[in-house]
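The next block is my_file_18.txt, given as compact mmCIF, all heavy atoms.
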# COMPACT_ATOMS: atom_id res chain seq x y z
N MET B 218 93.53 117.11 107.35
CA MET B 218 93.85 115.72 107.24
C MET B 218 95.31 115.51 107.62
O MET B 218 96.18 116.25 107.20
CB MET B 218 93.61 115.22 105.81
CG MET B 218 93.97 113.76 105.70
SD MET B 218 94.11 113.01 104.06
CE MET B 218 92.76 113.56 103.16
N GLN B 219 95.59 114.50 108.40
CA GLN B 219 96.94 114.20 108.84
C GLN B 219 97.54 113.12 107.95
O GLN B 219 96.90 112.12 107.66
CB GLN B 219 96.90 113.73 110.29
CG GLN B 219 98.26 113.48 110.89
CD GLN B 219 98.13 113.12 112.36
OE1 GLN B 219 97.05 112.93 112.87
NE2 GLN B 219 99.25 113.00 113.02
N HIS B 220 98.74 113.35 107.47
CA HIS B 220 99.41 112.37 106.62
C HIS B 220 100.50 111.70 107.44
O HIS B 220 101.31 112.37 108.08
CB HIS B 220 100.03 113.04 105.40
CG HIS B 220 99.02 113.64 104.50
ND1 HIS B 220 98.27 112.89 103.62
CD2 HIS B 220 98.60 114.92 104.34
CE1 HIS B 220 97.45 113.68 102.97
NE2 HIS B 220 97.62 114.93 103.39
N GLU B 221 100.54 110.39 107.41
CA GLU B 221 101.58 109.64 108.11
C GLU B 221 102.28 108.74 107.10
O GLU B 221 101.68 108.29 106.13
CB GLU B 221 100.99 108.76 109.21
CG GLU B 221 100.33 109.54 110.31
CD GLU B 221 99.70 108.63 111.35
OE1 GLU B 221 99.32 107.51 111.01
OE2 GLU B 221 99.61 109.06 112.50
N THR B 222 103.55 108.49 107.36
CA THR B 222 104.34 107.62 106.51
C THR B 222 105.04 106.61 107.38
O THR B 222 105.60 106.96 108.42
CB THR B 222 105.38 108.44 105.71
OG1 THR B 222 104.70 109.40 104.93
CG2 THR B 222 106.22 107.55 104.82
N ALA B 223 105.04 105.35 106.96
CA ALA B 223 105.76 104.32 107.68
C ALA B 223 107.23 104.40 107.28
O ALA B 223 107.57 104.48 106.11
CB ALA B 223 105.21 102.94 107.34
N VAL B 224 108.10 104.40 108.29
CA VAL B 224 109.54 104.43 108.06
C VAL B 224 110.13 103.18 108.70
O VAL B 224 109.88 102.91 109.88
CB VAL B 224 110.18 105.69 108.68
CG1 VAL B 224 111.69 105.66 108.54
CG2 VAL B 224 109.61 106.95 108.05
N ALA B 225 110.88 102.41 107.92
CA ALA B 225 111.57 101.23 108.44
C ALA B 225 113.04 101.57 108.60
O ALA B 225 113.67 102.07 107.67
CB ALA B 225 111.40 100.05 107.49
N ILE B 226 113.56 101.32 109.80
CA ILE B 226 114.96 101.60 110.10
C ILE B 226 115.66 100.26 110.27
O ILE B 226 115.38 99.52 111.22
CB ILE B 226 115.09 102.44 111.39
CG1 ILE B 226 114.30 103.75 111.23
CG2 ILE B 226 116.56 102.70 111.71
CD1 ILE B 226 114.08 104.49 112.53
N GLU B 227 116.53 99.93 109.34
CA GLU B 227 117.26 98.67 109.41
C GLU B 227 118.52 98.89 110.24
O GLU B 227 119.31 99.79 109.96
CB GLU B 227 117.64 98.19 108.01
CG GLU B 227 116.43 97.80 107.19
CD GLU B 227 116.81 97.28 105.82
OE1 GLU B 227 117.94 96.79 105.64
OE2 GLU B 227 115.96 97.37 104.93
N LEU B 228 118.72 98.07 111.26
CA LEU B 228 119.88 98.18 112.13
C LEU B 228 121.08 97.49 111.48
O LEU B 228 120.92 96.57 110.67
CB LEU B 228 119.57 97.56 113.49
CG LEU B 228 118.34 98.14 114.20
CD1 LEU B 228 118.10 97.41 115.51
CD2 LEU B 228 118.47 99.63 114.42
N GLU B 229 122.28 97.91 111.85
CA GLU B 229 123.49 97.32 111.29
C GLU B 229 123.64 95.85 111.65
O GLU B 229 124.21 95.07 110.90
CB GLU B 229 124.73 98.08 111.75
CG GLU B 229 124.82 99.47 111.15
CD GLU B 229 126.07 100.20 111.60
OE1 GLU B 229 126.76 99.74 112.54
OE2 GLU B 229 126.36 101.26 111.02
N ARG B 230 123.15 95.48 112.82
CA ARG B 230 123.23 94.09 113.27
C ARG B 230 122.09 93.84 114.24
O ARG B 230 121.55 94.80 114.82
CB ARG B 230 124.58 93.80 113.93
CG ARG B 230 124.86 94.66 115.16
CD ARG B 230 126.30 94.49 115.66
NE ARG B 230 126.80 95.62 116.39
CZ ARG B 230 127.24 96.76 115.88
NH1 ARG B 230 127.20 96.96 114.59
NH2 ARG B 230 127.68 97.73 116.64
N PRO B 231 121.71 92.59 114.42
CA PRO B 231 120.67 92.29 115.40
C PRO B 231 121.05 92.85 116.78
O PRO B 231 122.20 92.77 117.20
CB PRO B 231 120.62 90.76 115.41
CG PRO B 231 121.14 90.37 114.07
CD PRO B 231 122.19 91.40 113.74
N THR B 232 120.07 93.45 117.44
CA THR B 232 120.30 94.11 118.72
C THR B 232 119.28 93.63 119.73
O THR B 232 118.09 93.59 119.44
CB THR B 232 120.18 95.65 118.54
OG1 THR B 232 121.12 96.06 117.55
CG2 THR B 232 120.44 96.38 119.84
N ARG B 233 119.74 93.28 120.93
CA ARG B 233 118.84 92.83 121.99
C ARG B 233 118.25 94.05 122.68
O ARG B 233 118.96 94.96 123.08
CB ARG B 233 119.59 91.97 123.00
CG ARG B 233 118.68 91.41 124.08
CD ARG B 233 119.39 90.45 125.00
NE ARG B 233 119.84 89.26 124.30
CZ ARG B 233 119.08 88.18 124.06
NH1 ARG B 233 117.84 88.16 124.46
NH2 ARG B 233 119.58 87.15 123.43
N VAL B 234 116.93 94.06 122.80
CA VAL B 234 116.22 95.13 123.49
C VAL B 234 115.23 94.51 124.48
O VAL B 234 114.85 93.35 124.34
CB VAL B 234 115.45 96.06 122.51
CG1 VAL B 234 116.41 96.75 121.57
CG2 VAL B 234 114.42 95.29 121.72
N ARG B 235 114.84 95.27 125.47
CA ARG B 235 113.83 94.80 126.42
C ARG B 235 112.57 95.61 126.19
O ARG B 235 112.55 96.83 126.35
CB ARG B 235 114.31 94.96 127.86
CG ARG B 235 113.30 94.42 128.87
CD ARG B 235 113.90 94.21 130.24
NE ARG B 235 115.01 93.28 130.24
CZ ARG B 235 114.90 91.95 130.22
NH1 ARG B 235 113.72 91.39 130.15
NH2 ARG B 235 115.97 91.18 130.25
N LEU B 236 111.51 94.91 125.79
CA LEU B 236 110.23 95.54 125.52
C LEU B 236 109.29 95.37 126.70
O LEU B 236 109.39 94.38 127.44
CB LEU B 236 109.60 94.92 124.26
CG LEU B 236 110.44 95.03 122.99
CD1 LEU B 236 109.79 94.24 121.87
CD2 LEU B 236 110.65 96.47 122.60
N PRO B 237 108.36 96.32 126.89
CA PRO B 237 107.40 96.18 127.99
C PRO B 237 106.46 95.01 127.73
O PRO B 237 106.24 94.61 126.59
CB PRO B 237 106.66 97.52 127.97
CG PRO B 237 106.84 98.06 126.60
CD PRO B 237 108.15 97.52 126.11
N GLY B 238 105.92 94.48 128.80
CA GLY B 238 104.93 93.42 128.67
C GLY B 238 105.55 92.04 128.78
O GLY B 238 106.73 91.86 129.03
N ALA B 239 104.71 91.06 128.58
CA ALA B 239 105.13 89.67 128.69
C ALA B 239 104.68 88.92 127.44
O ALA B 239 104.01 89.47 126.58
CB ALA B 239 104.50 89.04 129.94
N GLY B 240 105.05 87.70 127.37
CA GLY B 240 104.63 86.88 126.23
C GLY B 240 105.53 87.07 125.03
O GLY B 240 106.65 87.57 125.13
N ALA B 241 105.01 86.72 123.87
CA ALA B 241 105.81 86.71 122.64
C ALA B 241 106.34 88.09 122.24
O ALA B 241 107.36 88.18 121.59
CB ALA B 241 104.98 86.12 121.51
N LYS B 242 105.64 89.16 122.61
CA LYS B 242 106.06 90.50 122.18
C LYS B 242 106.68 91.33 123.28
O LYS B 242 107.02 92.49 123.07
CB LYS B 242 104.87 91.25 121.58
CG LYS B 242 104.37 90.61 120.30
CD LYS B 242 103.29 91.43 119.66
CE LYS B 242 102.85 90.81 118.36
NZ LYS B 242 101.85 91.59 117.67
N GLY B 243 106.84 90.78 124.48
CA GLY B 243 107.42 91.52 125.59
C GLY B 243 108.72 90.91 126.04
O GLY B 243 109.17 89.89 125.52
N GLY B 244 109.36 91.57 127.00
CA GLY B 244 110.62 91.05 127.54
C GLY B 244 111.77 91.23 126.56
O GLY B 244 111.73 92.06 125.66
N ALA B 245 112.82 90.43 126.76
CA ALA B 245 114.01 90.53 125.91
C ALA B 245 113.71 90.01 124.51
O ALA B 245 113.16 88.92 124.35
CB ALA B 245 115.16 89.76 126.53
N GLN B 246 114.04 90.81 123.51
CA GLN B 246 113.83 90.45 122.11
C GLN B 246 115.08 90.86 121.32
O GLN B 246 115.78 91.79 121.70
CB GLN B 246 112.63 91.20 121.52
CG GLN B 246 111.34 90.97 122.24
CD GLN B 246 110.76 89.59 121.96
OE1 GLN B 246 110.90 89.06 120.88
NE2 GLN B 246 110.10 89.02 122.95
N VAL B 247 115.34 90.18 120.24
CA VAL B 247 116.40 90.58 119.33
C VAL B 247 115.72 91.16 118.09
O VAL B 247 114.86 90.52 117.49
CB VAL B 247 117.30 89.38 118.95
CG1 VAL B 247 118.33 89.79 117.92
CG2 VAL B 247 117.98 88.82 120.19
N VAL B 248 116.10 92.40 117.75
CA VAL B 248 115.48 93.07 116.60
C VAL B 248 116.55 93.45 115.58
O VAL B 248 117.71 93.70 115.93
CB VAL B 248 114.68 94.32 117.03
CG1 VAL B 248 113.55 93.95 117.97
CG2 VAL B 248 115.58 95.35 117.68
N ASP B 249 116.16 93.48 114.32
CA ASP B 249 117.07 93.94 113.27
C ASP B 249 116.44 95.08 112.46
O ASP B 249 117.02 95.58 111.52
CB ASP B 249 117.50 92.81 112.36
CG ASP B 249 116.33 92.08 111.70
OD1 ASP B 249 115.19 92.53 111.83
OD2 ASP B 249 116.59 91.05 111.06
N GLU B 250 115.23 95.48 112.86
CA GLU B 250 114.52 96.56 112.19
C GLU B 250 113.54 97.21 113.17
O GLU B 250 112.97 96.53 114.01
CB GLU B 250 113.75 95.99 111.00
CG GLU B 250 112.97 97.03 110.22
CD GLU B 250 112.21 96.41 109.06
OE1 GLU B 250 111.22 95.69 109.30
OE2 GLU B 250 112.63 96.65 107.92
N VAL B 251 113.40 98.52 113.04
CA VAL B 251 112.43 99.27 113.84
C VAL B 251 111.53 100.00 112.85
O VAL B 251 112.01 100.64 111.92
CB VAL B 251 113.13 100.29 114.76
CG1 VAL B 251 112.12 101.12 115.52
CG2 VAL B 251 114.08 99.59 115.72
N ARG B 252 110.22 99.90 113.04
CA ARG B 252 109.27 100.59 112.17
C ARG B 252 108.51 101.63 112.97
O ARG B 252 108.03 101.35 114.07
CB ARG B 252 108.27 99.60 111.57
CG ARG B 252 108.93 98.60 110.68
CD ARG B 252 107.92 97.64 110.14
NE ARG B 252 108.58 96.49 109.54
CZ ARG B 252 107.97 95.45 109.10
NH1 ARG B 252 106.66 95.35 109.19
NH2 ARG B 252 108.64 94.47 108.56
N ILE B 253 108.42 102.83 112.41
CA ILE B 253 107.71 103.92 113.09
C ILE B 253 106.85 104.66 112.07
O ILE B 253 107.06 104.57 110.86
CB ILE B 253 108.68 104.90 113.78
CG1 ILE B 253 109.61 105.55 112.74
CG2 ILE B 253 109.48 104.21 114.87
CD1 ILE B 253 110.47 106.65 113.30
N TRP B 254 105.87 105.38 112.58
CA TRP B 254 105.04 106.26 111.76
C TRP B 254 105.48 107.68 112.03
O TRP B 254 105.65 108.08 113.18
CB TRP B 254 103.56 106.12 112.13
CG TRP B 254 102.98 104.82 111.71
CD1 TRP B 254 102.88 103.69 112.48
CD2 TRP B 254 102.43 104.49 110.45
NE1 TRP B 254 102.29 102.69 111.76
CE2 TRP B 254 102.01 103.15 110.50
CE3 TRP B 254 102.25 105.18 109.26
CZ2 TRP B 254 101.42 102.50 109.42
CZ3 TRP B 254 101.67 104.55 108.19
CH2 TRP B 254 101.25 103.22 108.27
N VAL B 255 105.69 108.46 110.96
CA VAL B 255 106.06 109.86 111.13
C VAL B 255 105.10 110.74 110.35
O VAL B 255 104.59 110.36 109.30
CB VAL B 255 107.52 110.13 110.68
CG1 VAL B 255 108.50 109.36 111.54
CG2 VAL B 255 107.74 109.80 109.23
N ASP B 256 104.81 111.91 110.91
CA ASP B 256 103.93 112.87 110.26
C ASP B 256 104.70 113.76 109.28
O ASP B 256 104.16 114.22 108.29
CB ASP B 256 103.26 113.77 111.29
CG ASP B 256 102.31 113.02 112.19
OD1 ASP B 256 101.72 112.04 111.72
OD2 ASP B 256 102.17 113.41 113.35
N ASP B 257 105.96 114.02 109.60
CA ASP B 257 106.78 114.94 108.81
C ASP B 257 108.05 114.20 108.40
O ASP B 257 109.06 114.22 109.10
CB ASP B 257 107.10 116.17 109.67
CG ASP B 257 108.03 117.15 108.98
OD1 ASP B 257 108.35 116.97 107.78
OD2 ASP B 257 108.47 118.11 109.65
N VAL B 258 108.00 113.53 107.25
CA VAL B 258 109.13 112.72 106.81
C VAL B 258 110.37 113.58 106.58
O VAL B 258 111.47 113.22 106.99
CB VAL B 258 108.79 111.94 105.52
CG1 VAL B 258 109.99 111.19 105.00
CG2 VAL B 258 107.64 111.00 105.77
N ASP B 259 110.20 114.74 105.96
CA ASP B 259 111.36 115.60 105.69
C ASP B 259 112.00 116.06 106.99
O ASP B 259 113.22 116.06 107.12
CB ASP B 259 110.95 116.80 104.84
CG ASP B 259 110.54 116.40 103.43
OD1 ASP B 259 111.00 115.35 102.94
OD2 ASP B 259 109.75 117.15 102.82
N GLY B 260 111.19 116.47 107.96
CA GLY B 260 111.72 116.89 109.25
C GLY B 260 112.40 115.74 109.99
O GLY B 260 113.46 115.92 110.60
N PHE B 261 111.79 114.56 109.92
CA PHE B 261 112.38 113.39 110.56
C PHE B 261 113.74 113.07 109.94
O PHE B 261 114.72 112.87 110.65
CB PHE B 261 111.44 112.19 110.43
CG PHE B 261 112.04 110.90 110.90
CD1 PHE B 261 112.11 110.61 112.25
CD2 PHE B 261 112.53 109.97 109.99
CE1 PHE B 261 112.67 109.43 112.70
CE2 PHE B 261 113.08 108.78 110.43
CZ PHE B 261 113.17 108.51 111.78
N MET B 262 113.80 113.04 108.62
CA MET B 262 115.06 112.71 107.95
C MET B 262 116.13 113.77 108.20
O MET B 262 117.30 113.45 108.35
CB MET B 262 114.83 112.50 106.45
CG MET B 262 114.03 111.26 106.13
SD MET B 262 114.68 109.74 106.87
CE MET B 262 116.30 109.67 106.11
N ALA B 263 115.75 115.04 108.29
CA ALA B 263 116.71 116.11 108.60
C ALA B 263 117.29 115.88 109.98
O ALA B 263 118.50 116.03 110.19
CB ALA B 263 116.04 117.47 108.49
N ALA B 264 116.45 115.51 110.95
CA ALA B 264 116.93 115.24 112.31
C ALA B 264 117.84 114.02 112.33
O ALA B 264 118.88 114.02 113.00
CB ALA B 264 115.75 115.04 113.26
N VAL B 265 117.49 112.99 111.59
CA VAL B 265 118.33 111.79 111.52
C VAL B 265 119.70 112.14 110.95
O VAL B 265 120.73 111.74 111.49
CB VAL B 265 117.65 110.70 110.67
CG1 VAL B 265 118.61 109.57 110.34
CG2 VAL B 265 116.41 110.15 111.39
N ARG B 266 119.71 112.89 109.88
CA ARG B 266 120.98 113.24 109.21
C ARG B 266 121.91 114.01 110.14
O ARG B 266 123.12 113.93 110.01
CB ARG B 266 120.73 114.00 107.92
CG ARG B 266 120.17 113.11 106.84
CD ARG B 266 120.02 113.86 105.52
NE ARG B 266 119.37 113.01 104.54
CZ ARG B 266 118.09 113.07 104.21
NH1 ARG B 266 117.30 114.00 104.75
NH2 ARG B 266 117.58 112.25 103.31
N ARG B 267 121.34 114.78 111.06
CA ARG B 267 122.20 115.54 112.01
C ARG B 267 122.90 114.62 112.99
O ARG B 267 123.87 115.01 113.62
CB ARG B 267 121.35 116.56 112.77
CG ARG B 267 120.94 117.75 111.95
CD ARG B 267 120.38 118.88 112.79
NE ARG B 267 119.18 118.53 113.53
CZ ARG B 267 117.93 118.68 113.11
NH1 ARG B 267 117.71 119.17 111.92
NH2 ARG B 267 116.92 118.34 113.87
N HIS B 268 122.40 113.38 113.14
CA HIS B 268 122.95 112.48 114.16
C HIS B 268 123.67 111.26 113.59
O HIS B 268 124.12 110.41 114.35
CB HIS B 268 121.82 112.01 115.09
CG HIS B 268 121.25 113.16 115.87
ND1 HIS B 268 121.88 113.72 116.95
CD2 HIS B 268 120.11 113.87 115.68
CE1 HIS B 268 121.16 114.71 117.42
NE2 HIS B 268 120.08 114.83 116.67
N ILE B 269 123.75 111.16 112.27
CA ILE B 269 124.49 110.01 111.70
C ILE B 269 125.68 110.47 110.90
O ILE B 269 125.86 111.60 110.61
CB ILE B 269 123.59 109.11 110.82
CG1 ILE B 269 123.01 109.87 109.64
CG2 ILE B 269 122.50 108.49 111.65
CD1 ILE B 269 122.30 108.98 108.63
Take the structure I supplied and represent it as structure tokens, if you would.
Amino acid sequence: MQHETAVAIELERPTRVRLPGAGAKGGAQVVDEVRIWVDDVDGFMAAVRRHI
């Protein structure tokens, strides 16, 4: 069985990004949070800590 955990990454300030696609969810967007699914939370956090 695979275990996944949702991780929310809050950015320091709103950031403009360009997403693929068109319409409401594509093109230039301003984001203040990124959400991802990770299989190995401890490994993910260890990698994050090495870069912050």
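Closest to Val234 (chain B) among B:Val255, B:Val248, B:Ala264, B:Ile269 is B:Val248, based on all atoms listed in the file.
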Take CE2 of Trp254 (chain B) and ND1 of His220 (chain B) and report the distance between them in Å, one decimal.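 Interatomic distance here is 12.5 Å.
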What's the separation between NH1 of Arg252 (chain B) and atom C of Thr232 (chain B), in Å to one decimal place?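 Value for the NH1 of Arg252 (chain B)-atom C of Thr232 (chain B) distance: 16.5 Å.
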Length of the atom O of Gln246 (chain B) to CD of Glu227 (chain B) vector [Å]: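 Between these atoms lies a distance of 16.8 Å.
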Smallest atom-to-atom distance to Ala225 (chain B): which of B:Asp249, B:Gly260, B:Gly240, B:His268, using only C-alpha atoms?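 For Ala225 (chain B), the nearest of the candidates is B:Asp249.
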Could you pull the residues within 4.5 Å of Ile226 (chain B), counting all heavy atoms, minus those fewer than 3 positions along the same chain, as a list in words? Asp249, Glu250, Val251, Ile253 and Phe261 of chain B
Name the residues of chain B that fall into strand (DSSP E) according to DSSP on the backbone, using the chain letters and numbers of this document, as a PyMOL selection string. chain B and resi 222-236+244-255
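DSSP, applied to the backbone of this structure, assigns helix (DSSP H, G or I) to the following residues of chain B: Gly240, Ala241, Lys242, Val258, Asp259, Gly260, Phe261, Met262, Ala263, Ala264, Val265, Arg266, Arg267 and His268 of chain B.
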Subset file: region 219-246 of chain B, N, CA and C atoms, as a PDB file, in the first residue's frame:
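This went into out00.pdb:
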ATOM      1  N   GLN B 219       0.552   2.214  -0.809  1.00  0.00           N
ATOM      2  CA  GLN B 219       1.322   3.439  -0.914  1.00  0.00           C
ATOM      3  C   GLN B 219       0.665   4.520  -0.051  1.00  0.00           C
ATOM      4  N   HIS B 220       1.458   5.181   0.759  1.00  0.00           N
ATOM      5  CA  HIS B 220       0.941   6.250   1.604  1.00  0.00           C
ATOM      6  C   HIS B 220       1.381   7.581   1.028  1.00  0.00           C
ATOM      7  N   GLU B 221       0.453   8.499   0.883  1.00  0.00           N
ATOM      8  CA  GLU B 221       0.767   9.831   0.391  1.00  0.00           C
ATOM      9  C   GLU B 221       0.287  10.848   1.413  1.00  0.00           C
ATOM     10  N   THR B 222       0.983  11.967   1.473  1.00  0.00           N
ATOM     11  CA  THR B 222       0.612  13.044   2.373  1.00  0.00           C
ATOM     12  C   THR B 222       0.576  14.334   1.582  1.00  0.00           C
ATOM     13  N   ALA B 223      -0.447  15.137   1.811  1.00  0.00           N
ATOM     14  CA  ALA B 223      -0.529  16.445   1.177  1.00  0.00           C
ATOM     15  C   ALA B 223       0.349  17.413   1.956  1.00  0.00           C
ATOM     16  N   VAL B 224       1.181  18.145   1.228  1.00  0.00           N
ATOM     17  CA  VAL B 224       2.048  19.151   1.837  1.00  0.00           C
ATOM     18  C   VAL B 224       1.703  20.493   1.205  1.00  0.00           C
ATOM     19  N   ALA B 225       1.413  21.479   2.043  1.00  0.00           N
ATOM     20  CA  ALA B 225       1.140  22.835   1.573  1.00  0.00           C
ATOM     21  C   ALA B 225       2.366  23.687   1.853  1.00  0.00           C
ATOM     22  N   ILE B 226       2.857  24.359   0.819  1.00  0.00           N
ATOM     23  CA  ILE B 226       4.031  25.220   0.942  1.00  0.00           C
ATOM     24  C   ILE B 226       3.555  26.655   0.777  1.00  0.00           C
ATOM     25  N   GLU B 227       3.606  27.414   1.859  1.00  0.00           N
ATOM     26  CA  GLU B 227       3.189  28.810   1.810  1.00  0.00           C
ATOM     27  C   GLU B 227       4.378  29.659   1.385  1.00  0.00           C
ATOM     28  N   LEU B 228       4.200  30.466   0.351  1.00  0.00           N
ATOM     29  CA  LEU B 228       5.260  31.330  -0.153  1.00  0.00           C
ATOM     30  C   LEU B 228       5.338  32.601   0.689  1.00  0.00           C
ATOM     31  N   GLU B 229       6.510  33.224   0.710  1.00  0.00           N
ATOM     32  CA  GLU B 229       6.689  34.445   1.491  1.00  0.00           C
ATOM     33  C   GLU B 229       5.831  35.589   0.982  1.00  0.00           C
ATOM     34  N   ARG B 230       5.587  35.611  -0.318  1.00  0.00           N
ATOM     35  CA  ARG B 230       4.765  36.660  -0.919  1.00  0.00           C
ATOM     36  C   ARG B 230       4.134  36.098  -2.183  1.00  0.00           C
ATOM     37  N   PRO B 231       3.041  36.692  -2.629  1.00  0.00           N
ATOM     38  CA  PRO B 231       2.437  36.243  -3.882  1.00  0.00           C
ATOM     39  C   PRO B 231       3.471  36.283  -5.015  1.00  0.00           C
ATOM     40  N   THR B 232       3.475  35.234  -5.822  1.00  0.00           N
ATOM     41  CA  THR B 232       4.458  35.084  -6.894  1.00  0.00           C
ATOM     42  C   THR B 232       3.749  34.771  -8.201  1.00  0.00           C
ATOM     43  N   ARG B 233       4.130  35.472  -9.264  1.00  0.00           N
ATOM     44  CA  ARG B 233       3.532  35.237 -10.575  1.00  0.00           C
ATOM     45  C   ARG B 233       4.226  34.050 -11.226  1.00  0.00           C
ATOM     46  N   VAL B 234       3.431  33.096 -11.688  1.00  0.00           N
ATOM     47  CA  VAL B 234       3.946  31.922 -12.389  1.00  0.00           C
ATOM     48  C   VAL B 234       3.152  31.737 -13.679  1.00  0.00           C
ATOM     49  N   ARG B 235       3.731  31.039 -14.630  1.00  0.00           N
ATOM     50  CA  ARG B 235       3.026  30.723 -15.869  1.00  0.00           C
ATOM     51  C   ARG B 235       2.744  29.234 -15.872  1.00  0.00           C
ATOM     52  N   LEU B 236       1.450  28.899 -15.875  1.00  0.00           N
ATOM     53  CA  LEU B 236       1.013  27.508 -15.864  1.00  0.00           C
ATOM     54  C   LEU B 236       0.630  27.062 -17.263  1.00  0.00           C
ATOM     55  N   PRO B 237       0.779  25.766 -17.564  1.00  0.00           N
ATOM     56  CA  PRO B 237       0.385  25.280 -18.885  1.00  0.00           C
ATOM     57  C   PRO B 237      -1.132  25.360 -19.058  1.00  0.00           C
ATOM     58  N   GLY B 238      -1.555  25.446 -20.287  1.00  0.00           N
ATOM     59  CA  GLY B 238      -2.983  25.438 -20.576  1.00  0.00           C
ATOM     60  C   GLY B 238      -3.555  26.832 -20.712  1.00  0.00           C
ATOM     61  N   ALA B 239      -4.848  26.869 -20.885  1.00  0.00           N
ATOM     62  CA  ALA B 239      -5.551  28.130 -21.069  1.00  0.00           C
ATOM     63  C   ALA B 239      -6.722  28.187 -20.100  1.00  0.00           C
ATOM     64  N   GLY B 240      -7.394  29.278 -20.098  1.00  0.00           N
ATOM     65  CA  GLY B 240      -8.566  29.408 -19.241  1.00  0.00           C
ATOM     66  C   GLY B 240      -8.197  29.805 -17.828  1.00  0.00           C
ATOM     67  N   ALA B 241      -9.107  29.549 -16.913  1.00  0.00           N
ATOM     68  CA  ALA B 241      -8.958  30.009 -15.525  1.00  0.00           C
ATOM     69  C   ALA B 241      -7.745  29.412 -14.811  1.00  0.00           C
ATOM     70  N   LYS B 242      -7.307  28.213 -15.201  1.00  0.00           N
ATOM     71  CA  LYS B 242      -6.201  27.563 -14.490  1.00  0.00           C
ATOM     72  C   LYS B 242      -4.898  27.565 -15.264  1.00  0.00           C
ATOM     73  N   GLY B 243      -4.857  28.180 -16.438  1.00  0.00           N
ATOM     74  CA  GLY B 243      -3.640  28.207 -17.237  1.00  0.00           C
ATOM     75  C   GLY B 243      -3.125  29.617 -17.405  1.00  0.00           C
ATOM     76  N   GLY B 244      -1.976  29.738 -18.059  1.00  0.00           N
ATOM     77  CA  GLY B 244      -1.398  31.059 -18.310  1.00  0.00           C
ATOM     78  C   GLY B 244      -0.822  31.668 -17.045  1.00  0.00           C
ATOM     79  N   ALA B 245      -0.668  32.994 -17.062  1.00  0.00           N
ATOM     80  CA  ALA B 245      -0.081  33.701 -15.924  1.00  0.00           C
ATOM     81  C   ALA B 245      -1.046  33.694 -14.741  1.00  0.00           C
ATOM     82  N   GLN B 246      -0.542  33.287 -13.593  1.00  0.00           N
ATOM     83  CA  GLN B 246      -1.322  33.234 -12.362  1.00  0.00           C
ATOM     84  C   GLN B 246      -0.459  33.778 -11.220  1.00  0.00           C
TER      85      GLN B 246
END
